[in-house]
$ cat start09.txt   # compact mmCIF, C-alpha atoms and all ligand atoms
# COMPACT_ATOMS: atom_id res chain seq x y z
CA MET O 828 -24.33 94.06 99.87
CA SER O 829 -23.13 92.60 96.61
CA VAL O 830 -24.35 94.17 93.38
CA ASP O 831 -27.71 92.52 92.64
CA LEU O 832 -29.44 95.10 90.46
CA ALA O 833 -29.33 95.06 86.67
CA VAL O 834 -30.57 97.66 84.22
CA VAL O 835 -31.57 96.15 80.88
CA PRO O 836 -32.13 98.76 78.16
CA VAL O 837 -34.66 97.50 75.61
CA ALA O 838 -35.93 100.80 74.23
CA GLY O 839 -34.11 100.85 70.85
CA ARG O 840 -36.35 100.64 67.78
CA GLY O 841 -34.30 97.96 66.00
CA THR O 842 -34.38 99.85 62.71
CA ARG O 843 -31.60 97.69 61.26
CA LEU O 844 -34.02 94.74 61.39
CA LEU O 845 -37.03 96.29 59.65
CA PRO O 846 -39.62 95.13 58.69
CA LEU O 847 -39.21 92.30 61.25
CA THR O 848 -39.17 94.76 64.13
CA LYS O 849 -41.91 97.12 62.98
CA SER O 850 -44.40 95.94 65.60
CA GLN O 851 -42.39 93.47 67.68
CA PRO O 852 -39.42 94.27 69.89
CA LYS O 853 -36.08 93.02 68.53
CA GLU O 854 -35.41 91.63 72.01
CA MET O 855 -38.36 89.27 71.52
CA LEU O 856 -37.04 87.76 68.29
CA PRO O 857 -36.65 84.00 68.49
CA MET O 858 -33.21 82.54 69.07
CA GLY O 859 -33.81 78.81 68.79
CA ARG O 860 -36.56 78.11 71.31
CA LYS O 861 -36.56 81.29 73.35
CA PRO O 862 -36.78 85.01 72.71
CA VAL O 863 -33.40 86.74 72.92
CA VAL O 864 -34.17 88.69 76.10
CA GLN O 865 -35.10 85.51 78.02
CA TYR O 866 -31.50 84.30 77.65
CA VAL O 867 -30.29 87.64 78.99
CA VAL O 868 -32.53 87.37 82.06
CA GLU O 869 -31.54 83.74 82.71
CA GLU O 870 -27.85 84.67 82.46
CA LEU O 871 -28.34 87.52 84.96
CA ALA O 872 -30.29 85.31 87.38
CA ARG O 873 -27.43 82.78 87.36
CA CYS O 874 -24.98 85.60 88.10
CA GLY O 875 -26.79 86.63 91.30
CA ILE O 876 -29.03 89.42 89.98
CA GLY O 877 -32.21 89.61 92.06
CA ARG O 878 -33.66 92.93 90.83
CA LEU O 879 -34.00 93.81 87.20
CA LEU O 880 -35.07 97.13 85.73
CA PHE O 881 -36.09 97.16 82.06
CA VAL O 882 -35.83 100.53 80.35
CA THR O 883 -38.53 100.13 77.72
CA GLY O 884 -39.98 102.30 75.00
CA PRO O 885 -42.80 102.39 72.46
CA GLY O 886 -43.97 98.99 71.22
CA LYS O 887 -42.19 96.96 73.91
CA THR O 888 -45.10 95.68 76.02
CA ALA O 889 -44.52 92.12 74.71
CA ILE O 890 -41.42 92.04 76.96
CA GLU O 891 -43.45 92.88 80.08
CA ASN O 892 -46.04 90.25 79.14
CA HIS O 893 -43.34 87.65 78.59
CA PHE O 894 -41.99 87.93 82.12
CA ASP O 895 -45.40 88.00 83.80
CA ILE O 896 -46.84 84.92 85.46
CA ASP O 897 -49.59 83.87 83.07
CA ALA O 898 -52.08 82.10 85.37
CA GLU O 899 -54.64 81.71 82.57
CA LEU O 900 -52.16 79.91 80.32
CA ILE O 901 -51.06 77.66 83.20
CA ASP O 902 -54.68 76.75 84.00
CA SER O 903 -55.44 76.05 80.37
CA LEU O 904 -52.39 73.78 79.98
CA ARG O 905 -53.51 71.84 83.07
CA ALA O 906 -57.14 71.67 81.91
CA THR O 907 -56.16 70.32 78.51
CA GLY O 908 -53.75 67.67 79.82
CA LYS O 909 -50.60 69.46 78.62
CA GLU O 910 -48.87 69.56 82.01
CA GLU O 911 -45.55 68.59 80.40
CA LEU O 912 -45.46 72.05 78.79
CA LEU O 913 -45.43 73.74 82.19
CA THR O 914 -41.64 73.29 82.34
CA GLU O 915 -41.42 75.69 79.38
CA LEU O 916 -42.85 78.38 81.65
CA ALA O 917 -40.47 77.71 84.56
CA PHE O 918 -38.55 80.92 83.72
CA GLU O 919 -41.59 82.89 84.93
CA ARG O 920 -40.65 81.80 88.45
CA GLU O 921 -37.03 82.93 88.26
CA ASP O 922 -36.04 84.50 91.60
CA ILE O 923 -36.07 88.04 90.21
CA GLU O 924 -38.13 91.12 90.95
CA TYR O 925 -38.94 93.06 87.79
CA PHE O 926 -39.23 96.82 87.48
CA TYR O 927 -40.01 98.86 84.40
CA THR O 928 -39.41 102.42 83.38
CA ARG O 929 -39.73 104.07 80.01
CA GLN O 930 -37.31 106.06 77.92
CA ARG O 931 -39.77 108.64 76.68
CA ARG O 932 -37.48 110.15 74.06
CA GLN O 933 -35.23 108.20 71.71
CA LEU O 934 -31.93 109.82 72.66
CA GLY O 935 -29.66 106.78 72.64
CA LEU O 936 -28.20 104.16 74.98
CA GLY O 937 -26.59 106.64 77.39
CA HIS O 938 -29.90 108.42 77.84
CA ALA O 939 -31.68 105.07 78.36
CA VAL O 940 -29.29 104.26 81.23
CA LEU O 941 -29.81 107.74 82.65
CA CYS O 942 -33.58 107.04 82.74
CA ALA O 943 -32.77 104.38 85.38
CA ARG O 944 -31.28 106.94 87.76
CA PRO O 945 -34.41 107.65 89.87
CA VAL O 946 -34.73 103.90 90.59
CA VAL O 947 -31.04 103.02 90.95
CA GLY O 948 -30.09 106.06 93.06
CA SER O 949 -26.77 105.61 94.81
CA GLN O 950 -26.33 101.86 94.20
CA SER O 951 -23.80 100.20 91.92
CA PHE O 952 -25.46 98.26 89.14
CA VAL O 953 -25.03 96.04 86.09
CA VAL O 954 -26.04 97.12 82.59
CA ALA O 955 -26.84 94.22 80.26
CA LEU O 956 -28.02 95.06 76.74
CA GLY O 957 -31.24 93.17 76.06
CA ASP O 958 -30.31 92.35 72.46
CA SER O 959 -27.06 90.45 73.10
CA ILE O 960 -26.59 86.88 74.30
CA ILE O 961 -23.25 85.91 75.81
CA GLY O 962 -22.23 82.30 75.17
CA MET O 963 -24.13 79.46 73.52
CA HIS O 964 -27.44 79.18 75.38
CA ALA O 965 -26.19 82.08 77.51
CA GLN O 966 -23.84 79.83 79.51
CA SER O 967 -21.68 82.72 80.66
CA GLU O 968 -20.60 83.75 84.12
CA VAL O 969 -18.90 86.91 82.95
CA VAL O 970 -21.27 89.20 84.87
CA ALA O 971 -20.50 87.34 88.13
CA THR O 972 -16.77 87.66 87.42
CA MET O 973 -17.20 91.37 86.68
CA ILE O 974 -19.14 91.97 89.92
CA GLU O 975 -16.43 90.18 91.93
CA LYS O 976 -13.68 92.21 90.29
CA PHE O 977 -15.68 95.44 90.68
CA GLU O 978 -16.08 94.82 94.39
CA SER O 979 -12.47 93.84 95.02
CA SER O 980 -11.06 96.85 93.15
CA ARG O 981 -11.72 100.56 93.48
CA CYS O 982 -12.81 101.00 89.90
CA ALA O 983 -15.77 103.14 88.83
CA ALA O 984 -16.74 100.81 85.99
CA ILE O 985 -15.87 97.46 84.51
CA ILE O 986 -16.80 96.51 80.98
CA ALA O 987 -16.79 93.21 79.04
CA PHE O 988 -14.84 93.16 75.78
CA GLU O 989 -14.61 90.77 72.87
CA GLU O 990 -12.05 90.75 70.07
CA VAL O 991 -13.66 91.43 66.70
CA PRO O 992 -12.26 91.34 63.16
CA ARG O 993 -10.66 94.70 62.35
CA GLU O 994 -13.30 95.68 59.76
CA GLU O 995 -16.06 95.29 62.37
CA VAL O 996 -14.77 97.88 64.84
CA VAL O 997 -17.07 100.43 63.17
CA HIS O 998 -20.10 98.80 64.89
CA TYR O 999 -18.88 98.94 68.50
CA GLY O 1000 -17.37 100.89 71.36
CA ILE O 1001 -13.62 100.16 71.08
CA ALA O 1002 -11.09 100.04 73.92
CA GLN O 1003 -7.81 101.84 74.13
CA PRO O 1004 -6.11 99.72 76.80
CA ARG O 1005 -3.51 101.12 79.18
CA GLY O 1006 -0.48 98.86 79.52
CA GLN O 1007 -0.58 95.14 78.99
CA ILE O 1008 -3.78 93.41 77.92
CA ASP O 1009 -4.45 90.52 80.28
CA ASP O 1010 -7.79 88.93 81.11
CA VAL O 1011 -8.45 92.08 83.14
CA PHE O 1012 -6.92 95.34 81.94
CA GLU O 1013 -7.17 99.05 82.53
CA LEU O 1014 -8.73 101.44 80.02
CA ASP O 1015 -7.05 104.59 78.81
CA ASP O 1016 -9.91 105.55 76.53
CA LEU O 1017 -13.03 104.22 74.83
CA ILE O 1018 -14.21 105.30 71.40
CA GLU O 1019 -17.71 104.78 70.06
CA LYS O 1020 -17.82 103.26 66.56
CA PRO O 1021 -14.45 104.51 65.27
CA THR O 1022 -13.35 104.09 61.67
CA VAL O 1023 -10.96 101.20 61.03
CA ASP O 1024 -8.07 103.69 60.94
CA GLU O 1025 -9.05 105.46 64.16
CA ALA O 1026 -9.62 102.26 66.17
CA PRO O 1027 -6.99 101.91 68.91
CA SER O 1028 -7.58 98.11 69.17
CA ASN O 1029 -10.02 95.45 68.08
CA LEU O 1030 -11.46 94.99 71.59
CA ALA O 1031 -15.18 95.75 71.31
CA VAL O 1032 -17.61 96.53 74.15
CA ALA O 1033 -19.57 93.30 74.56
CA ALA O 1034 -22.89 94.49 75.99
CA ARG O 1035 -22.18 93.92 79.72
CA TYR O 1036 -21.06 96.63 82.16
CA VAL O 1037 -20.89 97.18 85.94
CA PHE O 1038 -21.09 100.82 87.07
CA SER O 1039 -20.77 102.79 90.23
CA PRO O 1040 -23.49 105.47 90.42
CA ALA O 1041 -20.78 108.01 89.41
CA ILE O 1042 -21.71 107.18 85.81
CA PHE O 1043 -24.99 109.09 86.22
CA ASP O 1044 -23.25 112.43 86.82
CA CYS O 1045 -21.19 111.83 83.68
CA LEU O 1046 -24.29 110.89 81.69
CA GLU O 1047 -26.00 114.10 82.80
CA LYS O 1048 -23.08 116.06 81.32
CA THR O 1049 -22.61 113.98 78.16
CA PRO O 1050 -23.52 115.90 74.99
CA ARG O 1051 -24.94 114.12 71.97
CA GLY O 1052 -22.26 112.16 70.14
CA LYS O 1053 -22.25 109.53 67.35
CA GLY O 1054 -25.58 109.37 65.56
CA ASN O 1055 -26.67 112.53 67.42
CA GLU O 1056 -27.39 110.30 70.45
CA ILE O 1057 -26.20 110.40 74.07
CA GLN O 1058 -23.64 107.59 74.09
CA LEU O 1059 -22.86 105.45 77.14
CA THR O 1060 -19.34 105.12 75.74
CA ASP O 1061 -18.84 108.90 75.95
CA ALA O 1062 -19.90 108.93 79.61
CA VAL O 1063 -17.38 106.15 80.39
CA ARG O 1064 -14.75 108.21 78.62
CA MET O 1065 -15.62 111.12 80.91
CA LEU O 1066 -15.17 108.87 83.96
CA ILE O 1067 -11.66 108.01 82.74
CA ARG O 1068 -10.85 111.68 82.06
CA GLU O 1069 -11.96 112.55 85.59
CA GLY O 1070 -9.25 110.19 86.82
CA ARG O 1071 -11.53 107.28 87.79
CA GLN O 1072 -10.32 103.77 87.16
CA VAL O 1073 -12.21 101.84 84.46
CA LEU O 1074 -11.39 98.19 83.83
CA GLY O 1075 -12.01 95.79 80.97
CA VAL O 1076 -12.61 92.06 81.19
CA ARG O 1077 -12.16 89.84 78.16
CA LEU O 1078 -14.80 87.29 77.32
CA MET O 1079 -13.54 83.70 77.53
CA PRO O 1080 -13.45 81.72 74.26
CA HIS O 1081 -16.71 79.86 75.20
CA GLU O 1082 -18.41 83.20 75.87
CA GLN O 1083 -18.84 84.34 72.30
CA ARG O 1084 -21.32 87.21 71.96
CA PHE O 1085 -24.36 86.56 69.80
CA ASP O 1086 -25.49 89.80 68.27
CA ILE O 1087 -28.92 90.31 66.75
CA GLY O 1088 -28.20 93.89 65.70
CA ASN O 1089 -28.35 93.19 61.96
CA PHE O 1090 -29.69 90.47 59.69
CA GLU O 1091 -26.35 88.83 58.95
CA SER O 1092 -25.44 88.30 62.59
CA TYR O 1093 -29.03 87.42 63.54
CA PHE O 1094 -29.29 84.72 60.84
CA LEU O 1095 -25.93 83.28 61.88
CA ALA O 1096 -26.81 83.26 65.57
CA PHE O 1097 -30.20 81.66 64.96
CA ALA O 1098 -28.67 78.95 62.77
CA GLU O 1099 -26.09 78.15 65.47
CA PHE O 1100 -28.66 78.04 68.29
CA ALA O 1101 -30.96 75.82 66.22
CA MET O 1102 -28.10 73.47 65.35
CA ALA O 1103 -27.18 73.22 69.05
CA ASP O 1104 -30.76 72.28 69.99
CA GLU O 1105 -30.74 69.04 71.98
CA GLN O 1106 -33.77 67.57 70.26
CA TYR O 1107 -33.64 68.85 66.69
CA GLY O 1108 -29.97 69.89 66.39
CA PRO O 1109 -28.55 66.61 65.02
CA SER O 1110 -31.18 66.22 62.27
CA LEU O 1111 -30.93 69.91 61.43
CA GLN O 1112 -27.16 69.64 61.05
CA ARG O 1113 -27.62 66.81 58.50
CA ARG O 1114 -30.27 68.78 56.67
CA MET O 1115 -28.05 71.90 56.65
CA GLY O 1116 -25.27 69.80 55.09
CA GLU O 1117 -27.65 68.87 52.23
CA LEU O 1118 -28.79 72.47 51.85
CA LEU O 1119 -25.19 73.66 51.69
CA GLU O 1120 -24.52 71.30 48.78
CA ARG O 1121 -27.59 72.62 46.99
CA TYR O 1122 -26.67 76.28 47.49
CA GLN O 1123 -23.03 75.78 46.57
CA ARG O 1124 -23.87 74.15 43.26
C1 LIG J 1 -24.07 99.67 71.67
C2 LIG J 1 -22.92 100.49 72.28
C3 LIG J 1 -21.57 99.99 71.75
C4 LIG J 1 -21.45 98.50 72.06
C5 LIG J 1 -22.64 97.74 71.46
C6 LIG J 1 -22.58 96.28 71.90
O1 LIG J 1 -24.14 99.96 70.30
O2 LIG J 1 -23.11 101.86 71.95
O3 LIG J 1 -20.54 100.69 72.39
O4 LIG J 1 -20.23 97.99 71.54
O5 LIG J 1 -23.88 98.29 71.90
O6 LIG J 1 -23.68 95.57 71.45
P1 LIG J 1 -25.49 99.65 69.41
O7 LIG J 1 -25.38 98.20 69.03
O8 LIG J 1 -26.66 99.93 70.30
O9 LIG J 1 -25.40 100.56 68.23
$ encode --input "start09.txt" --output "structure tokens" --more "lines below"
Ligand code: G1P
Amino acid sequence: MSVDLAVVPVAGRGTRLLPLTKSQPKEMLPMGRKPVVQYVVEELARCGIGRLLFVTGPGKTAIENHFDIDAELIDSLRATGKEELLTELAFEREDIEYFYTRQRRQLGLGHAVLCARPVVGSQSFVVALGDSIIGMHAQSEVVATMIEKFESSRCAAIIAFEEVPREEVVHYGIAQPRGQIDDVFELDDLIEKPTVDEAPSNLAVAARYVFSPAIFDCLEKTPRGKGNEIQLTDAVRMLIREGRQVLGVRLMPHEQRFDIGNFESYFLAFAEFAMADEQYGPSLQRRMGELLERYQR
């Protein structure tokens, strides 16, 4: 059976976005009309994912509520003649089964993925970070491409990469490619948040992965790394060192990654999503032009 299970870690506290994220999950921040994580789920549904496991943590119940079918709200919209708003809730009926588990200790992304092990077992699976949107309005098929490639090769993992400006490598897992860098390439190494001088390339892990269950054994053995956390990157590195093949796939130009990890990238992403809004985008673009003149004076 084709890979149809995705693990979506949403347990991180979002400390870089305080105070915004003090009592609301960063994955629920608005991006134009929808919360960030809704785009992630819609992208995965389009790529053939039918089972989705959220790895949640403290203060994240808003995510569970968001993906529930809210019969009371539906009834009240009908009773008050607002049937046209029902289309806004169509995502509740996405053909996905949801599962939830909790990361009970904040030990990093690698540990969050390891928390999925009892549910995932011996299946291959996708990891999609719940705080990153791929492509404007999440119009990306990269996960489907990665699953296809994963199944037609004998690799143990395949990871999406995006080129970033050299000074930004410090925020990401960075690839050391083996041989020529084509749309799909082999990895020689992967380094979590290197300095600009250490970085072997400017290809940054772009929040989407496909793993064979072999990653779990590596995660079990991975000691704490950067930030004193168990890093997914370090477990991938262990896979490579054990002689397993790990591939990279480059995002296409229309598959830019929208990051909400810090205020600068969140503001930028929100502005772009709002300006691309079908209804309000054109007037907003005009208004932004006027604002630009005012702020540049
Ligand atoms: C995590 C990963 C990093 C990856 C990034 C992509 O970092 O550890 O390798 O490049 O996500 O969003 P975080 O943003 O959680 O610090």
$ residues_near_ligand --input "start09.txt" --ligand "ligand LIG 1 (chain J)" --cutoff "6 Å" --atoms "only C-alpha atoms and all ligand atoms" --output "JSON, numbers by chain"
{"O": [999, 1000, 1019, 1031, 1032, 1033, 1034, 1060]}
$ atom_distance --input "start09.txt" --atom1 "CA of Val863 (chain O)" --atom2 "CA of Ile923 (chain O)"
17.5 Å
$ residues_around --input "start09.txt" --residues "Glu919 (chain O)" --least-positions-apart "6" --cutoff "12 Å" --atoms "only C-alpha atoms" --output "list of chain:residue names"
O:Gln865, O:Val868, O:Glu869, O:Ala872, O:Glu891, O:Asn892, O:His893, O:Phe894, O:Asp895, O:Ile896, O:Asp897, O:Ala898, O:Leu900, O:Ile901, O:Leu913, O:Tyr925
$ closest_residue --input "start09.txt" --among "O:Ile1087, O:Ser949, O:Arg1124, O:Gln1003" --to "Lys853 (chain O)" --atoms "only C-alpha atoms"
O:Ile1087
$ closest_residue --input "start09.txt" --among "O:Arg1064, O:Lys887, O:Lys861, O:Arg873" --to "Gly841 (chain O)" --atoms "only C-alpha atoms"
O:Lys887
$ residues_around --input "start09.txt" --residues "Glu1025 (chain O)" --least-positions-apart "5" --cutoff "10 Å" --atoms "only C-alpha atoms" --output "list in words"
Val996, Val997, Ile1001, Ile1018 and Lys1020 of chain O
$ residues_around --input "start09.txt" --residues "Ser951 (chain O)" --least-positions-apart "6" --cutoff "10 Å" --atoms "all atoms listed in the file" --output "ChimeraX atom specification"
/O:829-833,974,977-978,983-984,1037-1042
$ atom_distance --input "start09.txt" --atom1 "CA of Cys942 (chain O)" --atom2 "CA of Phe918 (chain O)"
26.6 Å
$ residues_around --input "start09.txt" --residues "Ser850 (chain O)" --least-positions-apart "2" --cutoff "12 Å" --atoms "all atoms listed in the file" --output "JSON list (two decimals) with C-alpha atoms, in the frame of the given file"
[["chain", "number", "residue", "atom", "x", "y", "z"],
["O", 840, "ARG", "CA", -36.35, 100.64, 67.78],
["O", 841, "GLY", "CA", -34.30, 97.96, 66.00],
["O", 842, "THR", "CA", -34.38, 99.85, 62.71],
["O", 844, "LEU", "CA", -34.02, 94.74, 61.39],
["O", 845, "LEU", "CA", -37.03, 96.29, 59.65],
["O", 846, "PRO", "CA", -39.62, 95.13, 58.69],
["O", 847, "LEU", "CA", -39.21, 92.30, 61.25],
["O", 848, "THR", "CA", -39.17, 94.76, 64.13],
["O", 852, "PRO", "CA", -39.42, 94.27, 69.89],
["O", 853, "LYS", "CA", -36.08, 93.02, 68.53],
["O", 854, "GLU", "CA", -35.41, 91.63, 72.01],
["O", 855, "MET", "CA", -38.36, 89.27, 71.52],
["O", 856, "LEU", "CA", -37.04, 87.76, 68.29],
["O", 885, "PRO", "CA", -42.80, 102.39, 72.46],
["O", 886, "GLY", "CA", -43.97, 98.99, 71.22],
["O", 887, "LYS", "CA", -42.19, 96.96, 73.91],
["O", 888, "THR", "CA", -45.10, 95.68, 76.02],
["O", 889, "ALA", "CA", -44.52, 92.12, 74.71]]
$ residues_around --input "start09.txt" --residues "region 956-961 of chain O" --least-positions-apart "4" --cutoff "8 Å" --atoms "all atoms listed in the file" --output "short mmCIF file (atom, residue, chain, number, x, y, z; two decimals) with C-alpha atoms, in the frame of the given file"
data_model
loop_
_atom_site.label_atom_id
_atom_site.label_comp_id
_atom_site.auth_asym_id
_atom_site.auth_seq_id
_atom_site.Cartn_x
_atom_site.Cartn_y
_atom_site.Cartn_z
CA VAL O 835 -31.57 96.15 80.88
CA PRO O 836 -32.13 98.76 78.16
CA VAL O 837 -34.66 97.50 75.61
CA LYS O 853 -36.08 93.02 68.53
CA GLU O 854 -35.41 91.63 72.01
CA VAL O 863 -33.40 86.74 72.92
CA VAL O 864 -34.17 88.69 76.10
CA TYR O 866 -31.50 84.30 77.65
CA VAL O 867 -30.29 87.64 78.99
CA ALA O 965 -26.19 82.08 77.51
CA GLN O 966 -23.84 79.83 79.51
CA SER O 967 -21.68 82.72 80.66
CA ALA O 1034 -22.89 94.49 75.99
CA ARG O 1035 -22.18 93.92 79.72
CA GLU O 1082 -18.41 83.20 75.87
CA GLN O 1083 -18.84 84.34 72.30
CA ARG O 1084 -21.32 87.21 71.96
CA PHE O 1085 -24.36 86.56 69.80
CA ASP O 1086 -25.49 89.80 68.27
CA ILE O 1087 -28.92 90.31 66.75
CA GLY O 1088 -28.20 93.89 65.70
#
$ atom_distance --input "start09.txt" --atom1 "CA of Phe1043 (chain O)" --atom2 "CA of Pro945 (chain O)"
10.2 Å
$ residues_near_point --input "start09.txt" --point "(-24.5, 110.1, 73.7)" --cutoff "8 Å" --atoms "only C-alpha atoms" --output "JSON list (two decimals) with C-alpha atoms, keeping the file's coordinate frame"
[["chain", "number", "residue", "atom", "x", "y", "z"],
["O", 934, "LEU", "CA", -31.93, 109.82, 72.66],
["O", 935, "GLY", "CA", -29.66, 106.78, 72.64],
["O", 936, "LEU", "CA", -28.20, 104.16, 74.98],
["O", 937, "GLY", "CA", -26.59, 106.64, 77.39],
["O", 938, "HIS", "CA", -29.90, 108.42, 77.84],
["O", 1049, "THR", "CA", -22.61, 113.98, 78.16],
["O", 1050, "PRO", "CA", -23.52, 115.90, 74.99],
["O", 1051, "ARG", "CA", -24.94, 114.12, 71.97],
["O", 1052, "GLY", "CA", -22.26, 112.16, 70.14],
["O", 1053, "LYS", "CA", -22.25, 109.53, 67.35],
["O", 1055, "ASN", "CA", -26.67, 112.53, 67.42],
["O", 1056, "GLU", "CA", -27.39, 110.30, 70.45],
["O", 1057, "ILE", "CA", -26.20, 110.40, 74.07],
["O", 1058, "GLN", "CA", -23.64, 107.59, 74.09],
["O", 1059, "LEU", "CA", -22.86, 105.45, 77.14],
["O", 1060, "THR", "CA", -19.34, 105.12, 75.74],
["O", 1061, "ASP", "CA", -18.84, 108.90, 75.95],
["O", 1062, "ALA", "CA", -19.90, 108.93, 79.61]]
